[in-house]
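Undergrad: Please find my_file_3.csv (CSV, N, CA, C and O atoms) on the next line:
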chain,number,residue,atom,x,y,z
A,613,MET,N,-7.4,18.6,9.0
A,613,MET,CA,-7.4,17.1,9.0
A,613,MET,C,-6.4,16.7,7.9
A,613,MET,O,-6.4,17.1,6.7
A,614,HIS,N,-5.4,15.8,8.2
A,614,HIS,CA,-4.4,15.3,7.4
A,614,HIS,C,-4.7,13.8,7.0
A,614,HIS,O,-4.8,13.0,7.9
A,615,VAL,N,-4.8,13.5,5.8
A,615,VAL,CA,-5.2,12.2,5.3
A,615,VAL,C,-4.1,11.7,4.4
A,615,VAL,O,-3.7,12.4,3.4
A,616,GLU,N,-3.5,10.5,4.7
A,616,GLU,CA,-2.5,10.0,3.8
A,616,GLU,C,-2.8,8.5,3.4
A,616,GLU,O,-3.3,7.7,4.2
A,617,HIS,N,-2.6,8.3,2.1
A,617,HIS,CA,-2.8,6.9,1.5
A,617,HIS,C,-1.5,6.7,0.7
A,617,HIS,O,-0.8,7.6,0.4
A,618,ALA,N,-1.3,5.5,0.3
A,618,ALA,CA,-0.2,5.2,-0.6
A,618,ALA,C,-0.3,6.0,-1.8
A,618,ALA,O,-1.3,5.9,-2.6
A,619,GLY,N,0.7,6.9,-2.0
A,619,GLY,CA,0.7,7.7,-3.2
A,619,GLY,C,0.0,9.0,-3.2
A,619,GLY,O,0.0,9.7,-4.2
A,620,SER,N,-0.7,9.3,-2.1
A,620,SER,CA,-1.5,10.6,-2.1
A,620,SER,C,-1.5,11.1,-0.6
A,620,SER,O,-1.4,10.4,0.3
A,621,ARG,N,-1.7,12.4,-0.6
A,621,ARG,CA,-1.8,13.1,0.7
A,621,ARG,C,-2.8,14.3,0.5
A,621,ARG,O,-2.6,15.0,-0.4
A,622,GLN,N,-3.7,14.4,1.4
A,622,GLN,CA,-4.6,15.6,1.4
A,622,GLN,C,-4.7,16.2,2.8
A,622,GLN,O,-4.5,15.6,3.8
A,623,VAL,N,-4.9,17.5,2.8
A,623,VAL,CA,-5.0,18.3,4.0
A,623,VAL,C,-6.3,19.1,3.9
A,623,VAL,O,-6.5,19.8,2.9
A,624,TYR,N,-7.2,18.9,4.8
A,624,TYR,CA,-8.5,19.7,4.9
A,624,TYR,C,-8.5,20.6,6.1
A,624,TYR,O,-8.1,20.1,7.2
A,625,LEU,N,-8.9,21.8,5.9
A,625,LEU,CA,-9.0,22.7,7.0
A,625,LEU,C,-10.3,22.4,7.8
A,625,LEU,O,-11.4,22.2,7.1
A,626,TRP,N,-10.2,22.3,9.1
A,626,TRP,CA,-11.4,22.0,9.9
A,626,TRP,C,-12.5,23.0,9.6
A,626,TRP,O,-13.7,22.7,9.7
A,627,THR,N,-12.2,24.2,9.3
A,627,THR,CA,-13.2,25.2,9.0
A,627,THR,C,-14.0,24.9,7.8
A,627,THR,O,-15.2,25.4,7.6
A,628,HIS,N,-13.5,24.0,6.9
A,628,HIS,CA,-14.2,23.7,5.7
A,628,HIS,C,-14.8,22.3,5.7
A,628,HIS,O,-15.5,21.9,4.8
A,629,VAL,N,-14.6,21.5,6.8
A,629,VAL,CA,-15.2,20.2,6.9
A,629,VAL,C,-16.7,20.4,7.3
A,629,VAL,O,-17.0,21.2,8.2
A,630,ILE,N,-17.6,19.8,6.6
A,630,ILE,CA,-19.0,20.0,6.8
A,630,ILE,C,-19.6,19.3,8.0
A,630,ILE,O,-20.3,19.9,8.8
A,631,ASP,N,-19.3,18.0,8.1
A,631,ASP,CA,-19.9,17.2,9.2
A,631,ASP,C,-19.2,15.8,9.2
A,631,ASP,O,-18.4,15.5,8.4
A,632,VAL,N,-19.5,15.1,10.2
A,632,VAL,CA,-19.1,13.7,10.3
A,632,VAL,C,-20.4,12.9,10.6
A,632,VAL,O,-21.2,13.2,11.5
A,633,ILE,N,-20.6,11.8,9.9
A,633,ILE,CA,-21.8,11.0,10.0
A,633,ILE,C,-21.4,9.5,10.1
A,633,ILE,O,-20.3,9.1,9.7
A,634,ASP,N,-22.3,8.7,10.6
A,634,ASP,CA,-22.2,7.3,10.7
A,634,ASP,C,-22.4,6.7,9.3
A,634,ASP,O,-23.4,7.0,8.6
A,635,GLY,N,-21.5,5.9,8.9
A,635,GLY,CA,-21.6,5.2,7.6
A,635,GLY,C,-21.8,3.7,7.8
A,635,GLY,O,-21.8,3.2,9.0
A,636,PRO,N,-22.0,2.9,6.8
A,636,PRO,CA,-22.3,1.5,7.0
A,636,PRO,C,-21.2,0.7,7.6
A,636,PRO,O,-21.4,-0.3,8.3
A,637,SER,N,-20.0,1.2,7.5
A,637,SER,CA,-18.8,0.4,8.1
A,637,SER,C,-17.8,1.3,8.8
A,637,SER,O,-16.7,1.0,8.9
A,638,GLY,N,-18.3,2.4,9.3
A,638,GLY,CA,-17.4,3.4,10.0
A,638,GLY,C,-18.0,4.8,10.0
A,638,GLY,O,-19.2,5.0,9.9
A,639,LEU,N,-17.1,5.7,10.0
A,639,LEU,CA,-17.5,7.1,9.9
A,639,LEU,C,-17.2,7.7,8.5
A,639,LEU,O,-16.2,7.3,7.9
A,640,LEU,N,-18.0,8.7,8.1
A,640,LEU,CA,-17.7,9.5,6.9
A,640,LEU,C,-17.5,10.9,7.3
A,640,LEU,O,-18.4,11.5,7.9
A,641,VAL,N,-16.4,11.5,7.0
A,641,VAL,CA,-16.1,12.9,7.3
A,641,VAL,C,-16.4,13.6,6.0
A,641,VAL,O,-15.7,13.4,4.9
A,642,LEU,N,-17.4,14.4,6.0
A,642,LEU,CA,-17.9,15.2,4.8
A,642,LEU,C,-17.0,16.4,4.6
A,642,LEU,O,-17.1,17.3,5.4
A,643,VAL,N,-16.2,16.4,3.5
A,643,VAL,CA,-15.2,17.4,3.3
A,643,VAL,C,-15.7,18.5,2.3
A,643,VAL,O,-15.1,19.6,2.3
A,644,ASP,N,-16.7,18.2,1.6
A,644,ASP,CA,-17.4,19.2,0.8
A,644,ASP,C,-18.7,18.6,0.3
A,644,ASP,O,-19.1,17.5,0.8
A,645,LEU,N,-19.4,19.2,-0.6
A,645,LEU,CA,-20.8,18.8,-0.9
A,645,LEU,C,-20.8,17.4,-1.6
A,645,LEU,O,-21.8,16.7,-1.5
A,646,MET,N,-19.7,17.0,-2.2
A,646,MET,CA,-19.7,15.7,-2.9
A,646,MET,C,-18.5,14.8,-2.5
A,646,MET,O,-18.3,13.8,-3.1
A,647,GLY,N,-17.8,15.3,-1.5
A,647,GLY,CA,-16.6,14.5,-1.1
A,647,GLY,C,-16.6,14.1,0.4
A,647,GLY,O,-17.2,14.8,1.2
A,648,TYR,N,-16.0,13.0,0.6
A,648,TYR,CA,-15.9,12.5,2.0
A,648,TYR,C,-14.6,11.7,2.2
A,648,TYR,O,-14.0,11.2,1.2
A,649,GLN,N,-14.2,11.6,3.4
A,649,GLN,CA,-13.1,10.7,3.8
A,649,GLN,C,-13.7,9.6,4.7
A,649,GLN,O,-14.2,10.0,5.8
A,650,PRO,N,-13.6,8.4,4.3
A,650,PRO,CA,-14.1,7.3,5.2
A,650,PRO,C,-13.1,7.0,6.3
A,650,PRO,O,-11.9,7.1,6.1
A,651,ILE,N,-13.6,6.7,7.5
A,651,ILE,CA,-12.8,6.2,8.6
A,651,ILE,C,-13.4,4.8,8.9
A,651,ILE,O,-14.4,4.7,9.6
A,652,PRO,N,-12.8,3.7,8.4
A,652,PRO,CA,-13.4,2.4,8.6
A,652,PRO,C,-13.3,2.0,10.1
A,652,PRO,O,-12.3,2.4,10.8
A,653,SER,N,-14.3,1.4,10.6
A,653,SER,CA,-14.4,1.0,12.0
A,653,SER,C,-13.1,0.2,12.4
A,653,SER,O,-12.6,0.3,13.5
A,654,GLY,N,-12.6,-0.6,11.5
A,654,GLY,CA,-11.5,-1.5,11.8
A,654,GLY,C,-10.2,-0.7,11.9
A,654,GLY,O,-9.2,-1.2,12.4
A,655,SER,N,-10.2,0.6,11.5
A,655,SER,CA,-8.9,1.4,11.6
A,655,SER,C,-8.9,2.3,12.9
A,655,SER,O,-8.0,3.1,13.0
A,656,LEU,N,-9.9,2.2,13.7
A,656,LEU,CA,-10.0,3.1,14.9
A,656,LEU,C,-8.9,2.6,15.8
A,656,LEU,O,-8.5,1.4,16.0
A,657,PRO,N,-8.3,3.6,16.5
A,657,PRO,CA,-7.2,3.3,17.5
A,657,PRO,C,-7.8,2.4,18.6
A,657,PRO,O,-9.0,2.4,18.9
A,658,ASP,N,-6.9,1.5,19.2
A,658,ASP,CA,-7.4,0.7,20.3
A,658,ASP,C,-8.0,1.5,21.4
A,658,ASP,O,-7.4,2.5,21.8
A,659,GLY,N,-9.1,1.0,21.9
A,659,GLY,CA,-9.8,1.7,23.0
A,659,GLY,C,-10.6,2.9,22.6
A,659,GLY,O,-11.2,3.5,23.5
A,660,VAL,N,-10.7,3.2,21.3
A,660,VAL,CA,-11.5,4.3,20.9
A,660,VAL,C,-12.8,3.8,20.2
A,660,VAL,O,-12.7,3.0,19.3
A,661,GLU,N,-13.9,4.2,20.7
A,661,GLU,CA,-15.2,3.7,20.1
A,661,GLU,C,-15.6,4.7,19.0
A,661,GLU,O,-15.2,5.9,19.0
A,662,LYS,N,-16.4,4.2,18.1
A,662,LYS,CA,-16.8,5.1,16.9
A,662,LYS,C,-17.6,6.3,17.4
A,662,LYS,O,-17.3,7.4,16.9
A,663,ASP,N,-18.5,6.2,18.4
A,663,ASP,CA,-19.2,7.4,18.9
A,663,ASP,C,-18.3,8.4,19.6
A,663,ASP,O,-18.5,9.6,19.4
A,664,GLN,N,-17.3,7.9,20.2
A,664,GLN,CA,-16.3,8.8,20.9
A,664,GLN,C,-15.5,9.6,19.8
A,664,GLN,O,-15.3,10.8,20.0
A,665,LEU,N,-15.0,8.9,18.8
A,665,LEU,CA,-14.3,9.6,17.7
A,665,LEU,C,-15.2,10.6,17.0
A,665,LEU,O,-14.8,11.7,16.7
A,666,LYS,N,-16.4,10.2,16.8
A,666,LYS,CA,-17.4,11.1,16.1
A,666,LYS,C,-17.6,12.4,16.9
A,666,LYS,O,-17.6,13.5,16.4
A,667,ALA,N,-17.7,12.2,18.2
A,667,ALA,CA,-17.9,13.4,19.1
A,667,ALA,C,-16.6,14.3,19.1
A,667,ALA,O,-16.7,15.5,19.0
A,668,GLN,N,-15.4,13.7,19.0
A,668,GLN,CA,-14.2,14.4,19.0
A,668,GLN,C,-14.1,15.2,17.7
A,668,GLN,O,-13.7,16.4,17.7
A,669,ILE,N,-14.4,14.6,16.6
A,669,ILE,CA,-14.4,15.2,15.3
A,669,ILE,C,-15.4,16.4,15.2
A,669,ILE,O,-15.1,17.5,14.7
A,670,LYS,N,-16.6,16.2,15.7
A,670,LYS,CA,-17.6,17.2,15.7
A,670,LYS,C,-17.1,18.4,16.6
A,670,LYS,O,-17.3,19.6,16.2
A,671,ALA,N,-16.4,18.1,17.7
A,671,ALA,CA,-15.9,19.2,18.5
A,671,ALA,C,-14.8,20.0,17.8
A,671,ALA,O,-14.7,21.2,17.9
A,672,LEU,N,-13.9,19.3,17.0
A,672,LEU,CA,-12.9,20.0,16.2
A,672,LEU,C,-13.6,20.9,15.2
A,672,LEU,O,-13.1,22.0,14.9
A,673,ILE,N,-14.6,20.4,14.5
A,673,ILE,CA,-15.4,21.2,13.5
A,673,ILE,C,-15.9,22.5,14.2
A,673,ILE,O,-15.8,23.6,13.7
A,674,GLU,N,-16.6,22.3,15.3
A,674,GLU,CA,-17.2,23.4,16.0
A,674,GLU,C,-16.2,24.4,16.5
A,674,GLU,O,-16.4,25.6,16.4
A,675,ASP,N,-15.1,23.9,17.1
A,675,ASP,CA,-14.0,24.8,17.5
A,675,ASP,C,-13.5,25.6,16.4
A,675,ASP,O,-13.1,26.8,16.6
A,676,ALA,N,-13.3,25.0,15.2
A,676,ALA,CA,-12.7,25.7,14.1
A,676,ALA,C,-13.7,26.8,13.6
A,676,ALA,O,-13.2,27.8,13.0
A,677,ARG,N,-15.0,26.6,13.8
A,677,ARG,CA,-16.0,27.6,13.3
A,677,ARG,C,-16.2,28.7,14.3
A,677,ARG,O,-16.7,29.8,13.9
A,678,SER,N,-15.7,28.6,15.5
A,678,SER,CA,-16.0,29.6,16.5
A,678,SER,C,-14.8,30.6,16.6
A,678,SER,O,-13.8,30.5,16.1
Kindly present the structure from the file in structure tokens form.
TA:
Amino acid sequence: MHVEHAGSRQVYLWTHVIDVIDGPSGLLVLVDLMGYQPIPSGSLPDGVEKDQLKAQIKALIEDARS
């Protein structure tokens, strides 16, 4: 998973991502025991529902572990 913000860039291996959960204003991708990357509902691509993206991320995590 590649995450970019102004002035920073992180890369997380899907094999090390713990889970993705519903947060109060979007999704939270749990990248370790104390860290997460938020995906705000407002930043979802057009036509993509939160539940659909959550299922896709969970599939990526499972595929990386198998």
Undergrad: When distances are computed from only N, CA, C and O atoms, which of A:Val660, A:Gly619, A:Leu672, A:Ile630 shows the smallest separation from Leu645 in chain A?
TA: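 Of A:Val660, A:Gly619, A:Leu672, A:Ile630, the one nearest Leu645 in chain A is A:Ile630, counting only N, CA, C and O atoms.
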Undergrad: Do you know which residues are at most 9 Å from Ser637 in chain A counting only C-alpha atoms, after dropping those on the same chain fewer than 6 positions away, and could you put them as a list in words?
TA: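 Here the qualifying residues turn out to be Pro650, Ile651, Pro652, Ser653 and Gly654 of chain A.
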Undergrad: Might you pull out every residue within 8 Å of range 664-669 of chain A, with all atoms listed in the file counted and same-chain residues fewer than 4 positions away left off, and present them as a PyMOL selection string?
TA: chain A and resi 626+629+631-634+639+659-660+673-676
Undergrad: As a PyMOL selection string, please: all residues of chain A that backbone DSSP puts in helix (DSSP H, G or I).
TA: chain A and resi 626-628+653-655+662-677
Undergrad: For Leu625 in chain A, which residue out of A:Ser655, A:Val643, A:Lys662, A:Lys670 is the nearest one, using only C-alpha atoms?
TA: A:Val643
Undergrad: Using DSSP secondary structure from the backbone, list all strand (DSSP E) positions within range 619-678 of chain A, as a ChimeraX atom specification.
TA: /A:620-623,631-635,638-642,648-652
Undergrad: Counting only C-alpha atoms, which residue out of A:Met646, A:Thr627, A:Ala618, A:Gly638 sits closest to Arg677 in chain A?
TA: A:Thr627
Undergrad: Calculated over only C-alpha atoms, which of the candidates A:Ser620, A:Asp663, A:Ala671, A:Asp658 has the smallest distance to Gly635 in chain A?
TA: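 Residue with the minimum atom-to-atom distance to Gly635 in chain A: A:Asp663.
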Undergrad: Would you mind reading off the distance between CA of Glu661 in chain A and atom C of Arg621 in chain A, one decimal, in Å?
TA: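 Interatomic distance here is 25.5 Å.
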Undergrad: Just the number, please: distance in Å from atom N of Leu656 in chain A to atom N of Ser678 in chain A, one decimal.
TA: 27.1 Å
Undergrad: As an exercise, work out the distance from atom O of Gln649 in chain A to CA of Met613 in chain A in Å and give it to one decimal place.
TA: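 These atoms are spaced 10.3 Å apart.
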Undergrad: Generate all heavy atoms for range 628-639 of chain A and emit them as an mmCIF file, in the coordinates of the input.
TA:
data_model
loop_
_atom_site.group_PDB
_atom_site.id
_atom_site.type_symbol
_atom_site.label_atom_id
_atom_site.label_comp_id
_atom_site.auth_asym_id
_atom_site.auth_seq_id
_atom_site.Cartn_x
_atom_site.Cartn_y
_atom_site.Cartn_z
ATOM 1 N N HIS A 628 -13.500 24.000 6.900
ATOM 2 C CA HIS A 628 -14.200 23.700 5.700
ATOM 3 C C HIS A 628 -14.800 22.300 5.700
ATOM 4 O O HIS A 628 -15.500 21.900 4.800
ATOM 5 C CB HIS A 628 -13.265 23.800 4.498
ATOM 6 C CG HIS A 628 -12.929 25.209 4.167
ATOM 7 N ND1 HIS A 628 -12.222 26.030 5.017
ATOM 8 C CD2 HIS A 628 -13.225 25.973 3.099
ATOM 9 C CE1 HIS A 628 -12.085 27.202 4.477
ATOM 10 N NE2 HIS A 628 -12.682 27.207 3.305
ATOM 11 N N VAL A 629 -14.600 21.500 6.800
ATOM 12 C CA VAL A 629 -15.200 20.200 6.900
ATOM 13 C C VAL A 629 -16.700 20.400 7.300
ATOM 14 O O VAL A 629 -17.000 21.200 8.200
ATOM 15 C CB VAL A 629 -14.517 19.370 7.975
ATOM 16 C CG1 VAL A 629 -15.260 18.071 8.221
ATOM 17 C CG2 VAL A 629 -13.081 19.095 7.538
ATOM 18 N N ILE A 630 -17.600 19.800 6.600
ATOM 19 C CA ILE A 630 -19.000 20.000 6.800
ATOM 20 C C ILE A 630 -19.600 19.300 8.000
ATOM 21 O O ILE A 630 -20.300 19.900 8.800
ATOM 22 C CB ILE A 630 -19.798 19.613 5.482
ATOM 23 C CG1 ILE A 630 -19.357 20.513 4.330
ATOM 24 C CG2 ILE A 630 -21.299 19.687 5.694
ATOM 25 C CD1 ILE A 630 -19.857 20.063 2.975
ATOM 26 N N ASP A 631 -19.300 18.000 8.100
ATOM 27 C CA ASP A 631 -19.900 17.200 9.200
ATOM 28 C C ASP A 631 -19.200 15.800 9.200
ATOM 29 O O ASP A 631 -18.400 15.500 8.400
ATOM 30 C CB ASP A 631 -21.369 16.985 8.919
ATOM 31 C CG ASP A 631 -22.170 16.629 10.159
ATOM 32 O OD1 ASP A 631 -21.587 16.553 11.263
ATOM 33 O OD2 ASP A 631 -23.386 16.425 10.029
ATOM 34 N N VAL A 632 -19.500 15.100 10.200
ATOM 35 C CA VAL A 632 -19.100 13.700 10.300
ATOM 36 C C VAL A 632 -20.400 12.900 10.600
ATOM 37 O O VAL A 632 -21.200 13.200 11.500
ATOM 38 C CB VAL A 632 -18.002 13.437 11.375
ATOM 39 C CG1 VAL A 632 -18.443 13.868 12.754
ATOM 40 C CG2 VAL A 632 -17.550 11.989 11.400
ATOM 41 N N ILE A 633 -20.600 11.800 9.900
ATOM 42 C CA ILE A 633 -21.800 11.000 10.000
ATOM 43 C C ILE A 633 -21.400 9.500 10.100
ATOM 44 O O ILE A 633 -20.300 9.100 9.700
ATOM 45 C CB ILE A 633 -22.752 11.187 8.834
ATOM 46 C CG1 ILE A 633 -22.102 10.808 7.494
ATOM 47 C CG2 ILE A 633 -23.240 12.632 8.802
ATOM 48 C CD1 ILE A 633 -23.065 10.811 6.324
ATOM 49 N N ASP A 634 -22.300 8.700 10.600
ATOM 50 C CA ASP A 634 -22.200 7.300 10.700
ATOM 51 C C ASP A 634 -22.400 6.700 9.300
ATOM 52 O O ASP A 634 -23.400 7.000 8.600
ATOM 53 C CB ASP A 634 -23.180 6.624 11.630
ATOM 54 C CG ASP A 634 -22.864 6.915 13.079
ATOM 55 O OD1 ASP A 634 -21.718 6.705 13.492
ATOM 56 O OD2 ASP A 634 -23.775 7.354 13.807
ATOM 57 N N GLY A 635 -21.500 5.900 8.900
ATOM 58 C CA GLY A 635 -21.600 5.200 7.600
ATOM 59 C C GLY A 635 -21.800 3.700 7.800
ATOM 60 O O GLY A 635 -21.800 3.200 9.000
ATOM 61 N N PRO A 636 -22.000 2.900 6.800
ATOM 62 C CA PRO A 636 -22.300 1.500 7.000
ATOM 63 C C PRO A 636 -21.200 0.700 7.600
ATOM 64 O O PRO A 636 -21.400 -0.300 8.300
ATOM 65 C CB PRO A 636 -22.604 1.003 5.573
ATOM 66 C CG PRO A 636 -22.038 2.031 4.666
ATOM 67 C CD PRO A 636 -22.019 3.324 5.417
ATOM 68 N N SER A 637 -20.000 1.200 7.500
ATOM 69 C CA SER A 637 -18.800 0.400 8.100
ATOM 70 C C SER A 637 -17.800 1.300 8.800
ATOM 71 O O SER A 637 -16.700 1.000 8.900
ATOM 72 C CB SER A 637 -18.135 -0.409 6.962
ATOM 73 O OG SER A 637 -17.666 0.458 5.955
ATOM 74 N N GLY A 638 -18.300 2.400 9.300
ATOM 75 C CA GLY A 638 -17.400 3.400 10.000
ATOM 76 C C GLY A 638 -18.000 4.800 10.000
ATOM 77 O O GLY A 638 -19.200 5.000 9.900
ATOM 78 N N LEU A 639 -17.100 5.700 10.000
ATOM 79 C CA LEU A 639 -17.500 7.100 9.900
ATOM 80 C C LEU A 639 -17.200 7.700 8.500
ATOM 81 O O LEU A 639 -16.200 7.300 7.900
ATOM 82 C CB LEU A 639 -16.766 7.934 10.985
ATOM 83 C CG LEU A 639 -17.061 7.574 12.429
ATOM 84 C CD1 LEU A 639 -16.137 8.348 13.357
ATOM 85 C CD2 LEU A 639 -18.512 7.835 12.777
#
